[in-house]
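Beneath this line is the structure, given in structure tokens, with notes to follow.
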4 protein chains.
Amino acid sequence: MANYKVGVLGATGAVGQKFITLLTGHPWFKVTAVAASARSAGKTYREAANWIESGDIPADIAGLIVQEAKPEFLGEVDFVFSGMDSAVAGDIEMEFAKAGIPVITNARNYRRHENVPLLVPEVNPGHTKLINTQKFSESGNGFIVTNPNCVCVPLVLSLKPLHDAFGLKSIVLTSMQAVSGAGYPGVPSLDIMGNVVPHIGGEEEKIMWEPQKLLGNLTGDKVELASIPIHASAYRVPVLNGHLLSVVADFEKDGITADDAREVYMNWKSPVQHLGLPSSPSNPIRLYDDPRYPQPRLHIHNENGMQVSIGKLREAGTSGIAFTALGHNTVRGAAGGAILNAELLVKEGFI
Amino acid sequence: MANYKVGVLGATGAVGQKFITLLTGHPWFKVTAVAASARSAGKTYREAANWIESGDIPADIAGLIVQEAKPEFLGEVDFVFSGMDSAVAGDIEMEFAKAGIPVITNARNYRRHENVPLLVPEVNPGHTKLINTQKFSESGNGFIVTNPNCVCVPLVLSLKPLHDAFGLKSIVLTSMQAVSGAGYPGVPSLDIMGNVVPHIGGEEEKIMWEPQKLLGNLTGDKVELASIPIHASAYRVPVLNGHLLSVVADFEKDGITADDAREVYMNWKSPVQHLGLPSSPSNPIRLYDDPRYPQPRLHIHNENGMQVSIGKLREAGTSGIAFTALGHNTVRGAAGGAILNAELLVKEGFI
Amino acid sequence: MANYKVGVLGATGAVGQKFITLLTGHPWFKVTAVAASARSAGKTYREAANWIESGDIPADIAGLIVQEAKPEFLGEVDFVFSGMDSAVAGDIEMEFAKAGIPVITNARNYRRHENVPLLVPEVNPGHTKLINTQKFSESGNGFIVTNPNCVCVPLVLSLKPLHDAFGLKSIVLTSMQAVSGAGYPGVPSLDIMGNVVPHIGGEEEKIMWEPQKLLGNLTGDKVELASIPIHASAYRVPVLNGHLLSVVADFEKDGITADDAREVYMNWKSPVQHLGLPSSPSNPIRLYDDPRYPQPRLHIHNENGMQVSIGKLREAGTSGIAFTALGHNTVRGAAGGAILNAELLVKEGFI
Amino acid sequence: MANYKVGVLGATGAVGQKFITLLTGHPWFKVTAVAASARSAGKTYREAANWIESGDIPADIAGLIVQEAKPEFLGEVDFVFSGMDSAVAGDIEMEFAKAGIPVITNARNYRRHENVPLLVPEVNPGHTKLINTQKFSESGNGFIVTNPNCVCVPLVLSLKPLHDAFGLKSIVLTSMQAVSGAGYPGVPSLDIMGNVVPHIGGEEEKIMWEPQKLLGNLTGDKVELASIPIHASAYRVPVLNGHLLSVVADFEKDGITADDAREVYMNWKSPVQHLGLPSSPSNPIRLYDDPRYPQPRLHIHNENGMQVSIGKLREAGTSGIAFTALGHNTVRGAAGGAILNAELLVKEGFI
């Protein structure tokens, strides 16, 4: 595989740092430019970043000069990853796309845009075709691809096989979300130590909307949104990494048992598994029998943080089935998910 | 009010310590005897108890000699509170009842017994009449009254007003439970620090069953169990005290809005409020408008831990309404609830 | 005792909230004015404050209109408490003093000013005479009194009796400090959950300097600083409230044993105990024999947070004695300490 | 290098699990036998172990049948690692040594035995010669080698270079120790969440004694203990892994500055570095300039947990220098240290 030159936008923030960490040693992608706010521009990355990942800043990145996030400042790059805050991501990402540079972003700004794929490779790989409907750049080379909210990734990954098999009728979920989901400095310790906060601004709305696009069908040039009733309650818990979901799913098909669901998972194959994407987990979904599993601290690092874990699969006391799902919010649910998206786009020739 | 002499069974354990803490300065009840396992018998309470409450052991208790939990060893007591482990509570509590001593217990052993009230004064005060069906002692004085599982208290307190108004059709809840619910030593720090554990042995079954009795109707000599479909998912979170519930309730009556529910709460009156029970909160239910509330660390001490807090009342994304409920698990959900039960029983002449 | 009208500067911050909480129901002092930054001015206190104390904002404060921190905006007040950030406290506090209003402050700005008492009533009550050397206001009524850094309070309270008895020769201490010491939002949860941070900016310098003034002698118009070699290492730990100190103290007098020190503590009497100050603990120093004590979570609330706890008193493996000391950093070490200072000043006629 | 067959004693406990995790993929050592208490014997390792490491039990270990810890039950092994509890380690380890099987143990039982090396390869590699004085087995093949208490490893590793250069005169340290140091179930969450406990049974005595042997000189057949005055205060903090030390070291040589110490560390070379031991970190000691470092959560995994980190090097406010040191307690301070010891013994021909 050829080597791609990659820029990282929002490189000094929490998601940007995760991009840099995960791209270290990546077989296809090499970070050649780092961009951040004007305040950081001109400093070395080492000076500009308040490094919160464990271990050291990768040696080849530490000395890079941080640039302002403008297409003309990044030198020649094949595409950019964006870990920018949504407050600024909208305009800047469009500027890059218009300049003919593909933008693979974790920001939420374009997730609902009708021409922009909201992409989880194992769930809706066909949605990449939406890119062809984007006319952001004259050259046709610039485009934007988004990955979903960090709760939605374990949610749709665990639901897609069941949806295909039984047809989802309704979903009720409670998410217990790690503090890293709020970035840095993010959640004050005085708020969350020994506590649970029953509110994460804007989160529940995303969890109820984004699966409709992810589970929607691409018909012609458009994604027809699914219309599955979803209720989401989002809680912040004193966990560093890993969003844990308590899910009850009911189905169009009656009488689905836990064993039915287990069989579906066992037989499920990821539609992109054969592509051998470097960040693709060998098993995107892992099912635990031990009722104490999965747990954020023990299992988020499974398959380098790219696996979604499921446990406590059982018939619900109401109707349908209930289970627990876990995903690494800053890896699978953010930077790692975006990298996997970029890998798919390379394979498909979009990049 | 006369002074009642009270024994505490299981006095050295976590629940026992909470009984002793809460009974300090109680206007009606005075602890005159403390009982525990044979291993502790003969020691002073100070020696026998690994005190985990903050502050000191109450001075009048510290010097009491711990007795074995046999009716004949406690001296003259008007009744006993039991904070015993369920592994031993069954036989011992029955022995006290047979000996003519009322047992107000937090243990789960007799909660499903058809002659034993499972009692939350604000929810099903009339169930105390079940006592008359108990023939445990020859004198007729001995009986057993239980309080429910610590999750069930905030659950049924928050649901009862809505059930009376709209008729519950189904309930889906996820509980985020504090470590104190597992007693002492209880949950190892290596298991729960920075983590969430999606399993609490036997808990979900209790949460799905006990509300059926609590919301059931006493007809003649029997409680007719309710038959509301309930799904419960119980999680342990790194919180010291306070169980937080994420609840979705659907109703027989269609189209119930959050405002409808809010109005019900505003107009609700506790059926035992007029009795002036010493441990009765002035407002058993508190409704928060701030979507960040209630939180375990900030609100469990409301009204000395006897108030249940509700927040984020909203229409569910599926059907019915959703809300968060909080209760202090070792006060309202255990020792404090048992004390309130005893106060009601005194008022009603059972003790 | 007459009623004093009191203003609170920096009322919306963490220390300001603690002032308001502690002054609720105070027998002498009534908060009649709350001041904060221009941004908050004009709002009700309820609107302006992001309330982080447990329970509700006191009803009589919630509706007060927040004022800008200027003498002319507070109405008639007898004195003010200041919980302002040191970035702004210097100028504003002097403005109040010049306007003839006594300022009892927790800010650090004037602690080293030669005319300003750095005061812990049980340690150096005589230093209040320094007030007479202040000529900040024309009327002579305005003055400034400071309390020390939150670590210094348990440090000097635990050392003063030993210093008087044996003469301190050197002190080596490590402080394990709660996150509330950094205010709100303060320490990010991503930094401190499951972690210890070996650095608190500027803290060690304060801990090594302030005791020199607190243990210094007032001679004529000046405090002659003590010159005891002190080494301090300050660590942030994931604790909400309560600074715990690991202290090794060596003495001029040789061969001091743990029993010698214990006897000194037993015989020590606070020099202000006879004054009956409302916030004065009945025992300012408590000595624990149980080697597991004191612990922040179990013992910070002793005597309403105004008691300093000492434990593990033993001979050091090097020379001198070693012990653990605990103080509530936002009560005894901040707002509560300032209130006690004000009470002493009232008794002595300065206010 | 040949392949060594290795048994692990105490294999189901916390230290035993760490041995198994660290030995997975080891280039020299292959675990062929696992032993535990009679209660576990006969079960598969998967059944017997309550696995607390993250990720899965290594596939080649999960199916091993747990044996009772008797020499005759382990099959042919070249040596054993012991992670047994000290309550049973004494007799069993001696039984293995007498049977001619080398025992590399983390247990404390033989650390003070005059014929048994207490070994940290970078600190006192020459002490391995003590093995020749052991006559535990008739064949002469059986022997015991111990590694020190988990605090002593970062302590002596950080002090040895300074001791060699300036001569240690006295040490005062406070350790902030992770909960994993107490094994599993170990510290109850109710004791340590949001808290600090100023007592760890027996710990301070070990920290004051063991460095005397580690820094002692081997003269003839005996280790002459050093006699450096050490004062240690041990605290338990809510951290999962990593013991952090606050150290003040004074020297025989006067006027040592932080720069002097920094230079010593920069020039220091590990005496075993040239041996290329597989578990040897490339830099056994890392010096941080950033005053916020090292931190347990960020830096314990440096060099696979085998590096000791030092930071905040500065002149003490009393005399000598002060610094922070960090070591991974269950890796460098336990299982990993024992494995490094075994590697040295292989290189030196003892195994």
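Residues are named by chain letter and number: chains run A, B, ... in the order of the structure tokens, numbers start at 1 in each chain, and ligands are numbered from 1 in the order shown.
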Checklist line | Residue set, stretch 32-266 of chain B restricted to strand (DSSP E or B), as an MDAnalysis selection string | finding: chainID B and resid 32:36 44 65 67:68 79:82 103:105 118 144:146 168:177 188 197 217:219 222:224 230:236 243:251
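By chain and then residue number, the residues within 6 Å of stretch 279-293 of chain C are Glu303, Met306, Gln307, Val308, Ser309, Ile310, Gly311, Lys312 and Leu340 of chain C; Pro198 and His199 of chain D, counting only C-alpha atoms and disregarding those fewer than 4 positions away in sequence.
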Next item on the list: For chain A, work out the contacting residues on chain C at 10 Å, counting only C-alpha atoms, and write them as a PyMOL selection string.
Entry: chain C and resi 52+178-180+182-194+238-241
Note to self: Give me, as an MDAnalysis selection string, the residues of stretch 99-304 of chain D that a backbone DSSP run labels alpha helix (DSSP H).
What the structure shows: chainID D and resid 152:166 189:192 203:214 258:267 296:299
Would you save the residues from that selection as a JSON list (two decimals), in the first residue's frame, using C-alpha atoms?
```
[["chain", "number", "residue", "atom", "x", "y", "z"],
["D", 152, "CYS", "CA", 11.47, -0.65, 48.07],
["D", 153, "VAL", "CA", 12.10, -1.20, 44.35],
["D", 154, "PRO", "CA", 11.50, 2.39, 43.19],
["D", 155, "LEU", "CA", 13.06, 3.56, 46.44],
["D", 156, "VAL", "CA", 16.40, 1.77, 46.13],
["D", 157, "LEU", "CA", 16.57, 2.15, 42.36],
["D", 158, "SER", "CA", 16.26, 5.91, 42.74],
["D", 159, "LEU", "CA", 18.61, 6.08, 45.73],
["D", 160, "LYS", "CA", 21.41, 3.72, 44.67],
["D", 161, "PRO", "CA", 23.05, 6.11, 42.18],
["D", 162, "LEU", "CA", 22.90, 8.93, 44.74],
["D", 163, "HIS", "CA", 24.19, 6.69, 47.52],
["D", 164, "ASP", "CA", 27.17, 5.65, 45.44],
["D", 165, "ALA", "CA", 27.94, 9.26, 44.62],
["D", 166, "PHE", "CA", 27.25, 11.12, 47.84],
["D", 189, "SER", "CA", -14.18, 0.02, 47.97],
["D", 190, "LEU", "CA", -16.06, 1.44, 50.97],
["D", 191, "ASP", "CA", -12.70, 2.05, 52.64],
["D", 192, "ILE", "CA", -10.80, 3.75, 49.87],
["D", 203, "GLU", "CA", 4.56, -1.89, 55.40],
["D", 204, "GLU", "CA", 6.60, 0.84, 57.03],
["D", 205, "GLU", "CA", 8.79, -1.64, 58.84],
["D", 206, "LYS", "CA", 9.64, -3.35, 55.55],
["D", 207, "ILE", "CA", 10.41, -0.06, 53.85],
["D", 208, "MET", "CA", 12.79, 0.87, 56.65],
["D", 209, "TRP", "CA", 14.55, -2.54, 56.79],
["D", 210, "GLU", "CA", 14.82, -3.94, 53.27],
["D", 211, "PRO", "CA", 16.89, -1.09, 51.80],
["D", 212, "GLN", "CA", 19.52, -1.83, 54.44],
["D", 213, "LYS", "CA", 20.06, -5.27, 52.92],
["D", 214, "LEU", "CA", 19.69, -4.07, 49.31],
["D", 258, "ALA", "CA", 19.44, 19.10, 42.44],
["D", 259, "ASP", "CA", 21.82, 19.60, 39.54],
["D", 260, "ASP", "CA", 24.39, 17.37, 41.20],
["D", 261, "ALA", "CA", 21.78, 14.67, 41.54],
["D", 262, "ARG", "CA", 20.54, 15.17, 37.98],
["D", 263, "GLU", "CA", 24.06, 14.70, 36.71],
["D", 264, "VAL", "CA", 24.46, 11.49, 38.68],
["D", 265, "TYR", "CA", 21.30, 10.07, 37.16],
["D", 266, "MET", "CA", 22.36, 11.14, 33.68],
["D", 267, "ASN", "CA", 25.68, 9.36, 34.03],
["D", 296, "PRO", "CA", 0.74, 6.70, 38.33],
["D", 297, "ARG", "CA", -1.90, 6.58, 35.63],
["D", 298, "LEU", "CA", 0.22, 8.13, 32.92],
["D", 299, "HIS", "CA", 3.59, 6.53, 33.50]]
```
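Ranking B:Trp268, B:Phe136, B:Phe251, B:Phe350 by their shortest atom-to-atom distance to B:Ala316, with only C-alpha atoms included, puts B:Phe251 first.
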Checklist line | Contacts of stretch 34-38 of chain D at 9 Å (only C-alpha atoms; same-chain gap of 2+ positions) as a list in words | finding: Val6, Gly7, Val8, Leu9, Gly10, Ala11, Thr12, Gly13, Gly16, Val31, Thr32, Ser40, Ala41, Gly42, Tyr45, Ala48, Ile61, Leu64, Ile65, Val66, Gln67, Glu68, Ala69, Lys70, Phe73, Leu74 and Met84 of chain D
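The space separating atom CA of B:Ala232 from atom CA of B:Ile200 comes to 11.3 Å.
Omitting stretch 111-117 of chain D and its sequence neighbours fewer than 2 positions away, and counting only C-alpha atoms, the residues within 6 Å are Arg108, Asn109, Leu119, His127, Thr128, Leu130, Thr133, Gln134, Val145 and Thr146 of chain D.
Distance-wise, atom CA of C:Ala99 and atom CA of C:Ala14 end up 26.0 Å apart.
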Next item on the list: Skip stretch 87-93 of chain D itself and residues of its chain fewer than 2 positions away, then list as a PyMOL selection string all residues within 7 Å of it, counting only C-alpha atoms.
Entry: chain D and resi 84-85+95-97+103+107+109
Output of the above residues as an mmCIF file, in the first residue's frame, restricted to C-alpha atoms:
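Result file part.cif:
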```cif
data_model
loop_
_atom_site.group_PDB
_atom_site.id
_atom_site.type_symbol
_atom_site.label_atom_id
_atom_site.label_comp_id
_atom_site.auth_asym_id
_atom_site.auth_seq_id
_atom_site.Cartn_x
_atom_site.Cartn_y
_atom_site.Cartn_z
ATOM 1 C CA MET D 84 1.996 -17.155 47.225
ATOM 2 C CA ASP D 85 0.612 -15.404 50.255
ATOM 3 C CA GLU D 95 9.921 -27.676 50.363
ATOM 4 C CA PHE D 96 10.597 -26.840 46.724
ATOM 5 C CA ALA D 97 14.119 -25.661 47.458
ATOM 6 C CA VAL D 103 12.318 -20.719 43.872
ATOM 7 C CA ALA D 107 6.775 -13.460 49.083
ATOM 8 C CA ASN D 109 9.177 -14.829 54.135
#
```
Check: Quick one, how far is atom CA of A:Gly317 from atom CA of B:Ile230?
Finding: 5.3 Å
Next item on the list: Could you give me, as a ChimeraX atom specification, the residues within 12 Å of C:Gly126, counting only C-alpha atoms and dropping anything in the same chain fewer than 5 positions from it?
Entry: /C:117-121,131-132,214-223,271-272,341,344-345,348
Next item on the list: For C:Val15, list every protein, DNA or RNA residue within 7 Å, evaluated using only C-alpha atoms, and leave out those in the same chain fewer than 5 positions away; present the list as number ranges by chain.
Entry: C: 83, 330, 335
Restricting it to N, CA and C atoms, dump the selection as a PDB file, in the first residue's frame.
```
ATOM      1  N   GLY C  83     -13.898  35.620  49.513  1.00  0.00           N
ATOM      2  CA  GLY C  83     -13.507  34.329  48.963  1.00  0.00           C
ATOM      3  C   GLY C  83     -13.061  34.518  47.527  1.00  0.00           C
ATOM      4  N   THR C 330     -11.765  23.236  52.952  1.00  0.00           N
ATOM      5  CA  THR C 330     -12.622  24.371  52.593  1.00  0.00           C
ATOM      6  C   THR C 330     -13.376  24.922  53.804  1.00  0.00           C
ATOM      7  N   ALA C 335     -13.123  28.947  54.457  1.00  0.00           N
ATOM      8  CA  ALA C 335     -14.245  29.775  54.899  1.00  0.00           C
ATOM      9  C   ALA C 335     -14.484  29.684  56.411  1.00  0.00           C
TER      10      ALA C 335
END
```
